[in-house]
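Reading through the structure tokens given below for one structure.
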Amino acid sequence: MERQSRSEVVFKVFAVGLVVIFSLMAFYPVFYSFSASISGKAAYETGQVILLPKDVTFQVYKLIYQDKGLWISFVNTLFYTLFGTAWSMFVSVTGAYALSRQRLLFRRQLNFLVVFTMWFSAGMVPLYLNYINMGVANRWGIIVAFGVQAFNIILLRSFFQAIPKEIEEAALIDGANEFQLLTDIYIPMSKAALATVTLFYATTRWNGYFWARILLTNPMELPLQVYMRILIENYQKMFDDMPINLPYAEDSYIFAVLVCSIIPVLIIYPYIQRHFARGVNLGGVKG
Amino acid sequence: MPELILDKVSKIYPGGVQAVYDFDIEVEHGEFVVLVGPSGCGKSTVLRMIAGLEGITEGDMILSGDRINDVAPADRDISMVFQNYALYGHMSVYQNMGFSQIIKHESDDVIHEKVMNAAEIVELKKELNRYPRNLSGGQRQRVALGRSIVSLANVILMDEPLSNLDAKLRGQARRELTKLHRQLGNTFIYVTHDQTEAMTMASRIVVMDNGRVQQIDTPRNVYHWPENIFVGGFIGTPPMNFFSGQIIDGRFGAPGMDMAVPEALLKIIGAHADNNIILGVRAECFSLEPNGAAEMLQAEVTNNEFLGDHSLVHLKIGDYVYVASLKDNLADSVGETINLYIDMDRVHFFDPESEKRIRLEGGR
């Protein structure tokens, strides 16, 4: 192994220490939620649950299992994530590809317009009015209206531009048309960037709360995050009609909902986190 | 009928920079034409115009009898090998070579046959399932060649395909390319800045400078009968030596030189005789013994590069240093003044104004 200087060792210890602290800070609430959701009422309400669960009971999960609204919103979120991401990717990839072409008419101006949306955005009220007027306050509207983020387009555009021109020229001579250039050359050669951007969109869609909350009025269309928020606002009322001597605390219900909402992410994340890391480095591609 | 005709082809880029001026050439089927010149001379632009990757500002381009000025690259009967090979990194060697056919939706059998045939020629049969990133530079270059072969284009364009290879591999690749050209019988148009590649492979060389054609001829003629000072200086290692002087009473005089000019040459020079004139002498026209129409002169040896069978001897004549290629090793004579001879039958005179070689009307 290479010999390291003293300052390098100090730096490493410092860096690792920092990562550990931040990791714990991120991990603790997750684990606490889980512990609290399966702890007994007495243990929780007397403040005995600090890290590990006490008087374990899974009763509250049974309750969740029976909550139809939660499942509907869960499916809704899956729907928004799946179709929303697909739509966003379609628009972003085709848009970024077009913007990466030297011969695109008004290329500079169009690029400027895209970037402009990163710097300035209209206020909430005009945006709201705009969305309402466009009639996007429904299931498909949410998917279409929140199609793209300028940053992701720029990211993809830069990546496309970094692919050597000769590759494209070789493909042109081989007989590829513009569409084949995109599907057979640019997309497969940009897998890393595409994975990253897909991930960005998917997480945004999965966590999408604000506009869904404001725009969607039909309870059958609410995504999970909004449904959970409504639950948290109203759960006290729900328990008013229930027997008093439940084995779990009322708060446990909320914690259990939280846990349910992060489980899918926890399952998928390990498989895709390397793309996330790579995505951070993508910023290094000339912009 | 020539396979490819470029008739007064010019290229002016948006912004007004002119890269190519009135490029004229007729290429017969099966020729190996090498465009050579210093970087920025426009040779790659010409190639890219033939490929259809650059538009043509003026002039006509005719391939197999059809004007192709506005024909898309894919619809021209050409293929191209790029300097950095431009392989598709996400495809295997097989897919890289077959891409042009896959795009055309050829049947799998046809693709297989063509790719296997090409792989046989470029000796890549064992590497077909590998990816470009796992190949050596030489192998990548052969994949690029294989891709051209698969497309069965009549004209194969190459843009400095050997410049990413190391010196040893380059020599081998040159021989392989020459062999391949003989084997395929296609027309090759090849761009390089390396005159060794041009001299060893070409059936005809196009020397370019500043966007203009300087000379189009066989390697032999380009070497022995350079059209102008640029060609003489660019082709040949070491380059041609140039002496600036005058011809007075049938003798060429320059600082440190005074030599009789043969009758035949004087006749060619004719009217130029009274003016300033430039004498061009190839390095091998010097010798220590008189032979041919030999004229003696004295020179100081300033350096000696021993290369085995010959030496490059740096000679100070007048105020300038020239290079002679001599059989003898003069390492021990550095610093001394020696007598040497120039074979005046093999020298050329150039006009200092136009920089063109002085020749008889219609003569060589």
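Residue numbering restarts at 1 for every chain of the structure tokens, chains are lettered A, B, ... in their displayed order, and ligands are numbered from 1 as they appear.
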Do me a favour and pick out the residues of chain A within 10 Å of chain B, using only C-alpha atoms, as an MDAnalysis selection string. chainID A and resid 164:177 180 184:186 188:191
Go ahead and dump the residues you just picked, N, CA and C atoms, as a PDB file, in the first residue's frame.
ATOM      1  N   PRO A 164     -18.104  12.122 -29.788  1.00  0.00           N
ATOM      2  CA  PRO A 164     -17.317  12.624 -30.918  1.00  0.00           C
ATOM      3  C   PRO A 164     -18.152  12.739 -32.192  1.00  0.00           C
ATOM      4  N   LYS A 165     -17.893  13.832 -32.899  1.00  0.00           N
ATOM      5  CA  LYS A 165     -18.628  14.117 -34.127  1.00  0.00           C
ATOM      6  C   LYS A 165     -18.426  13.008 -35.162  1.00  0.00           C
ATOM      7  N   GLU A 166     -17.230  12.416 -35.141  1.00  0.00           N
ATOM      8  CA  GLU A 166     -16.920  11.392 -36.149  1.00  0.00           C
ATOM      9  C   GLU A 166     -17.857  10.196 -36.035  1.00  0.00           C
ATOM     10  N   ILE A 167     -18.276   9.897 -34.807  1.00  0.00           N
ATOM     11  CA  ILE A 167     -19.168   8.747 -34.616  1.00  0.00           C
ATOM     12  C   ILE A 167     -20.462   8.995 -35.384  1.00  0.00           C
ATOM     13  N   GLU A 168     -20.960  10.200 -35.239  1.00  0.00           N
ATOM     14  CA  GLU A 168     -22.189  10.547 -35.940  1.00  0.00           C
ATOM     15  C   GLU A 168     -21.961  10.513 -37.454  1.00  0.00           C
ATOM     16  N   GLU A 169     -20.813  11.044 -37.873  1.00  0.00           N
ATOM     17  CA  GLU A 169     -20.529  11.077 -39.310  1.00  0.00           C
ATOM     18  C   GLU A 169     -20.402   9.667 -39.874  1.00  0.00           C
ATOM     19  N   ALA A 170     -19.750   8.795 -39.085  1.00  0.00           N
ATOM     20  CA  ALA A 170     -19.611   7.408 -39.527  1.00  0.00           C
ATOM     21  C   ALA A 170     -20.994   6.791 -39.702  1.00  0.00           C
ATOM     22  N   ALA A 171     -21.878   7.084 -38.754  1.00  0.00           N
ATOM     23  CA  ALA A 171     -23.227   6.520 -38.828  1.00  0.00           C
ATOM     24  C   ALA A 171     -23.986   7.090 -40.014  1.00  0.00           C
ATOM     25  N   LEU A 172     -23.783   8.383 -40.282  1.00  0.00           N
ATOM     26  CA  LEU A 172     -24.441   9.004 -41.441  1.00  0.00           C
ATOM     27  C   LEU A 172     -23.999   8.314 -42.726  1.00  0.00           C
ATOM     28  N   ILE A 173     -22.689   8.065 -42.821  1.00  0.00           N
ATOM     29  CA  ILE A 173     -22.165   7.409 -44.020  1.00  0.00           C
ATOM     30  C   ILE A 173     -22.673   5.971 -44.094  1.00  0.00           C
ATOM     31  N   ASP A 174     -22.809   5.334 -42.919  1.00  0.00           N
ATOM     32  CA  ASP A 174     -23.351   3.975 -42.889  1.00  0.00           C
ATOM     33  C   ASP A 174     -24.820   3.956 -43.292  1.00  0.00           C
ATOM     34  N   GLY A 175     -25.429   5.123 -43.326  1.00  0.00           N
ATOM     35  CA  GLY A 175     -26.808   5.178 -43.813  1.00  0.00           C
ATOM     36  C   GLY A 175     -27.856   5.459 -42.754  1.00  0.00           C
ATOM     37  N   ALA A 176     -27.421   5.829 -41.562  1.00  0.00           N
ATOM     38  CA  ALA A 176     -28.400   6.092 -40.510  1.00  0.00           C
ATOM     39  C   ALA A 176     -29.118   7.410 -40.775  1.00  0.00           C
ATOM     40  N   ASN A 177     -30.437   7.435 -40.538  1.00  0.00           N
ATOM     41  CA  ASN A 177     -31.140   8.711 -40.623  1.00  0.00           C
ATOM     42  C   ASN A 177     -31.159   9.354 -39.236  1.00  0.00           C
ATOM     43  N   GLN A 180     -32.543   7.210 -36.496  1.00  0.00           N
ATOM     44  CA  GLN A 180     -31.667   6.086 -36.154  1.00  0.00           C
ATOM     45  C   GLN A 180     -30.411   6.558 -35.428  1.00  0.00           C
ATOM     46  N   ASP A 184     -30.039   4.513 -32.292  1.00  0.00           N
ATOM     47  CA  ASP A 184     -29.010   3.483 -32.397  1.00  0.00           C
ATOM     48  C   ASP A 184     -27.637   3.943 -31.941  1.00  0.00           C
ATOM     49  N   ILE A 185     -27.409   5.237 -31.934  1.00  0.00           N
ATOM     50  CA  ILE A 185     -26.077   5.722 -31.581  1.00  0.00           C
ATOM     51  C   ILE A 185     -26.118   6.538 -30.285  1.00  0.00           C
ATOM     52  N   TYR A 186     -26.856   7.623 -30.305  1.00  0.00           N
ATOM     53  CA  TYR A 186     -26.784   8.551 -29.170  1.00  0.00           C
ATOM     54  C   TYR A 186     -27.351   7.955 -27.881  1.00  0.00           C
ATOM     55  N   PRO A 188     -27.896   4.664 -26.929  1.00  0.00           N
ATOM     56  CA  PRO A 188     -27.083   3.617 -26.310  1.00  0.00           C
ATOM     57  C   PRO A 188     -25.728   4.123 -25.802  1.00  0.00           C
ATOM     58  N   MET A 189     -25.207   5.166 -26.437  1.00  0.00           N
ATOM     59  CA  MET A 189     -23.895   5.653 -25.988  1.00  0.00           C
ATOM     60  C   MET A 189     -24.009   6.573 -24.790  1.00  0.00           C
ATOM     61  N   SER A 190     -25.229   6.924 -24.389  1.00  0.00           N
ATOM     62  CA  SER A 190     -25.407   7.846 -23.278  1.00  0.00           C
ATOM     63  C   SER A 190     -26.116   7.170 -22.109  1.00  0.00           C
ATOM     64  N   LYS A 191     -25.969   5.868 -22.021  1.00  0.00           N
ATOM     65  CA  LYS A 191     -26.707   5.128 -20.993  1.00  0.00           C
ATOM     66  C   LYS A 191     -26.535   5.727 -19.607  1.00  0.00           C
TER      67      LYS A 191
END
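Every protein or nucleic acid residue with an atom no more than 10 Å from A:Pro223, counting only C-alpha atoms and leaving out same-chain residues fewer than 2 positions away, appears here: A:Leu70, A:Trp71, A:Ile72, A:Ser73, A:Phe74, A:Val75, A:Asn76, A:Thr77, A:Leu78, A:Phe79, A:Tyr80, A:Thr81, A:Arg139, A:Arg205, A:Trp206, A:Asn207, A:Gly208, A:Tyr209, A:Ala212, A:Arg213, A:Leu216, A:Pro219, A:Met220, A:Glu221, A:Gln225, A:Val226, A:Tyr227, A:Met228.
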Take the residues that were just selected and, keeping C-alpha atoms, output them as a PDB file, in the first residue's frame.
ATOM      1  CA  LEU A  70     -53.677   4.420   0.926  1.00  0.00           C
ATOM      2  CA  TRP A  71     -53.451   1.651  -1.626  1.00  0.00           C
ATOM      3  CA  ILE A  72     -55.150   3.743  -4.257  1.00  0.00           C
ATOM      4  CA  SER A  73     -52.723   6.577  -3.678  1.00  0.00           C
ATOM      5  CA  PHE A  74     -49.878   4.090  -3.753  1.00  0.00           C
ATOM      6  CA  VAL A  75     -50.960   2.849  -7.160  1.00  0.00           C
ATOM      7  CA  ASN A  76     -51.445   6.453  -8.238  1.00  0.00           C
ATOM      8  CA  THR A  77     -47.889   7.299  -7.294  1.00  0.00           C
ATOM      9  CA  LEU A  78     -46.618   4.281  -9.204  1.00  0.00           C
ATOM     10  CA  PHE A  79     -48.624   5.469 -12.157  1.00  0.00           C
ATOM     11  CA  TYR A  80     -47.300   9.029 -11.913  1.00  0.00           C
ATOM     12  CA  THR A  81     -43.760   7.788 -11.516  1.00  0.00           C
ATOM     13  CA  ARG A 139     -54.251  12.570 -13.720  1.00  0.00           C
ATOM     14  CA  ARG A 205     -42.216  12.109  -9.447  1.00  0.00           C
ATOM     15  CA  TRP A 206     -42.204   9.704  -6.519  1.00  0.00           C
ATOM     16  CA  ASN A 207     -41.799  12.523  -4.050  1.00  0.00           C
ATOM     17  CA  GLY A 208     -44.077  14.869  -5.994  1.00  0.00           C
ATOM     18  CA  TYR A 209     -46.259  16.604  -3.475  1.00  0.00           C
ATOM     19  CA  ALA A 212     -50.331  17.506  -6.822  1.00  0.00           C
ATOM     20  CA  ARG A 213     -51.699  18.768  -3.531  1.00  0.00           C
ATOM     21  CA  LEU A 216     -55.638  17.602  -7.779  1.00  0.00           C
ATOM     22  CA  PRO A 219     -59.428  11.892  -4.094  1.00  0.00           C
ATOM     23  CA  MET A 220     -59.028   8.957  -6.462  1.00  0.00           C
ATOM     24  CA  GLU A 221     -56.130  10.704  -8.183  1.00  0.00           C
ATOM     25  CA  GLN A 225     -47.301  11.824  -0.569  1.00  0.00           C
ATOM     26  CA  VAL A 226     -50.444  13.924  -0.656  1.00  0.00           C
ATOM     27  CA  TYR A 227     -52.559  11.160   0.818  1.00  0.00           C
ATOM     28  CA  MET A 228     -50.090  10.764   3.662  1.00  0.00           C
TER      29      MET A 228
END
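Nearest to A:Phe146 of all the residues A:Tyr253, A:Phe11, A:Trp87, A:Trp119 is A:Trp87, counting only C-alpha atoms.
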Students should find that atom CA of A:Ser261 and atom CA of A:Val93 are spaced 29.3 Å
Return as a PyMOL selection string the full set of residues in stretch 21-138 of chain B whose backbone-based DSSP assignment is strand (DSSP E).
-> chain B and resi 21-27+32-36+58-63+66-67+78-81
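Distances here use only C-alpha atoms; by that measure, the residue among A:Pro270, A:Pro53, A:Gly123, A:Gly84 closest to A:Ala36 is A:Pro53.
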List the spatial neighbours of B:Thr302 as a PDB file with N, CA and C atoms, in the first residue's frame - criterion: any atom at most 9 Å away, only C-alpha atoms, same-chain residues fewer than 2 positions off excluded.
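Heads up, here's the output in out-v8.pdb:
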ATOM      1  N   GLU B 300      31.538  23.389 -45.581  1.00  0.00           N
ATOM      2  CA  GLU B 300      32.011  23.027 -44.256  1.00  0.00           C
ATOM      3  C   GLU B 300      31.014  22.048 -43.641  1.00  0.00           C
ATOM      4  N   ASN B 304      26.775  15.540 -38.744  1.00  0.00           N
ATOM      5  CA  ASN B 304      26.685  14.305 -39.499  1.00  0.00           C
ATOM      6  C   ASN B 304      25.724  13.365 -38.786  1.00  0.00           C
ATOM      7  N   VAL B 313      24.442  14.586 -44.079  1.00  0.00           N
ATOM      8  CA  VAL B 313      25.547  15.475 -43.733  1.00  0.00           C
ATOM      9  C   VAL B 313      25.085  16.919 -43.878  1.00  0.00           C
ATOM     10  N   HIS B 314      25.213  17.676 -42.799  1.00  0.00           N
ATOM     11  CA  HIS B 314      24.817  19.081 -42.829  1.00  0.00           C
ATOM     12  C   HIS B 314      26.012  19.908 -43.287  1.00  0.00           C
ATOM     13  N   LEU B 315      25.783  20.686 -44.348  1.00  0.00           N
ATOM     14  CA  LEU B 315      26.889  21.401 -44.976  1.00  0.00           C
ATOM     15  C   LEU B 315      26.621  22.887 -44.954  1.00  0.00           C
ATOM     16  N   LYS B 316      27.626  23.656 -44.554  1.00  0.00           N
ATOM     17  CA  LYS B 316      27.479  25.099 -44.605  1.00  0.00           C
ATOM     18  C   LYS B 316      28.080  25.592 -45.915  1.00  0.00           C
ATOM     19  N   VAL B 321      22.880  26.518 -44.231  1.00  0.00           N
ATOM     20  CA  VAL B 321      23.214  25.108 -44.035  1.00  0.00           C
ATOM     21  C   VAL B 321      22.284  24.262 -44.889  1.00  0.00           C
ATOM     22  N   SER B 333      34.716  14.324 -39.957  1.00  0.00           N
ATOM     23  CA  SER B 333      35.066  15.538 -40.700  1.00  0.00           C
ATOM     24  C   SER B 333      34.302  16.761 -40.225  1.00  0.00           C
ATOM     25  N   VAL B 334      33.521  16.609 -39.152  1.00  0.00           N
ATOM     26  CA  VAL B 334      32.743  17.745 -38.679  1.00  0.00           C
ATOM     27  C   VAL B 334      33.673  18.907 -38.345  1.00  0.00           C
ATOM     28  N   GLY B 335      33.343  20.071 -38.885  1.00  0.00           N
ATOM     29  CA  GLY B 335      34.194  21.238 -38.663  1.00  0.00           C
ATOM     30  C   GLY B 335      35.176  21.464 -39.799  1.00  0.00           C
ATOM     31  N   GLU B 336      35.375  20.450 -40.629  1.00  0.00           N
ATOM     32  CA  GLU B 336      36.329  20.599 -41.733  1.00  0.00           C
ATOM     33  C   GLU B 336      35.623  21.072 -43.000  1.00  0.00           C
TER      34      GLU B 336
END
request  = Excluding stretch 255-269 of chain B and any residue of its chain fewer than 6 positions from it, enumerate the residues within 10 Å of it, using only C-alpha atoms, and give them as a ChimeraX atom specification.
outcome  = /B:243-249,277,293-299,316-320,342,344-351,357-361,363-364
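Pairwise distance (atom CA of B:Thr57, atom CA of B:Pro14) equals 10.0 Å.
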> Which neighbours of stretch 27-30 of chain A fall inside 12 Å, counting only C-alpha atoms, when residues of the same chain fewer than 2 positions from it are skipped, and could you give them as a ChimeraX atom specification?
Replying inline: /A:19-25,32-37,50-52,255-263,266
Go ahead and dump the residues you just picked, C-alpha atoms, as a compact mmCIF listing (two decimals), in the first residue's frame.
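Writing done, so here's selection_35.txt:
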# COMPACT_ATOMS: atom_id res chain seq x y z
CA VAL A 19 -19.73 10.87 6.27
CA VAL A 20 -20.53 8.65 9.27
CA ILE A 21 -22.13 11.53 11.15
CA PHE A 22 -24.27 12.56 8.19
CA SER A 23 -25.20 8.96 7.45
CA LEU A 24 -26.38 8.49 11.04
CA MET A 25 -28.33 11.71 10.86
CA TYR A 32 -36.87 5.57 14.47
CA SER A 33 -39.99 5.67 12.33
CA PHE A 34 -39.82 1.94 11.95
CA SER A 35 -39.24 1.37 15.65
CA ALA A 36 -42.03 3.72 16.63
CA SER A 37 -44.45 2.10 14.20
CA ILE A 50 -35.41 5.99 21.40
CA LEU A 51 -33.81 3.66 18.92
CA LEU A 52 -35.00 0.06 19.22
CA PHE A 255 -44.90 6.24 11.37
CA ALA A 256 -46.10 3.05 9.74
CA VAL A 257 -47.44 5.00 6.76
CA LEU A 258 -44.07 6.70 6.45
CA VAL A 259 -42.29 3.38 6.49
CA CYS A 260 -44.59 2.02 3.83
CA SER A 261 -43.88 4.95 1.59
CA ILE A 262 -40.12 4.56 1.76
CA ILE A 263 -39.96 0.79 1.41
CA LEU A 266 -35.25 1.46 -0.08
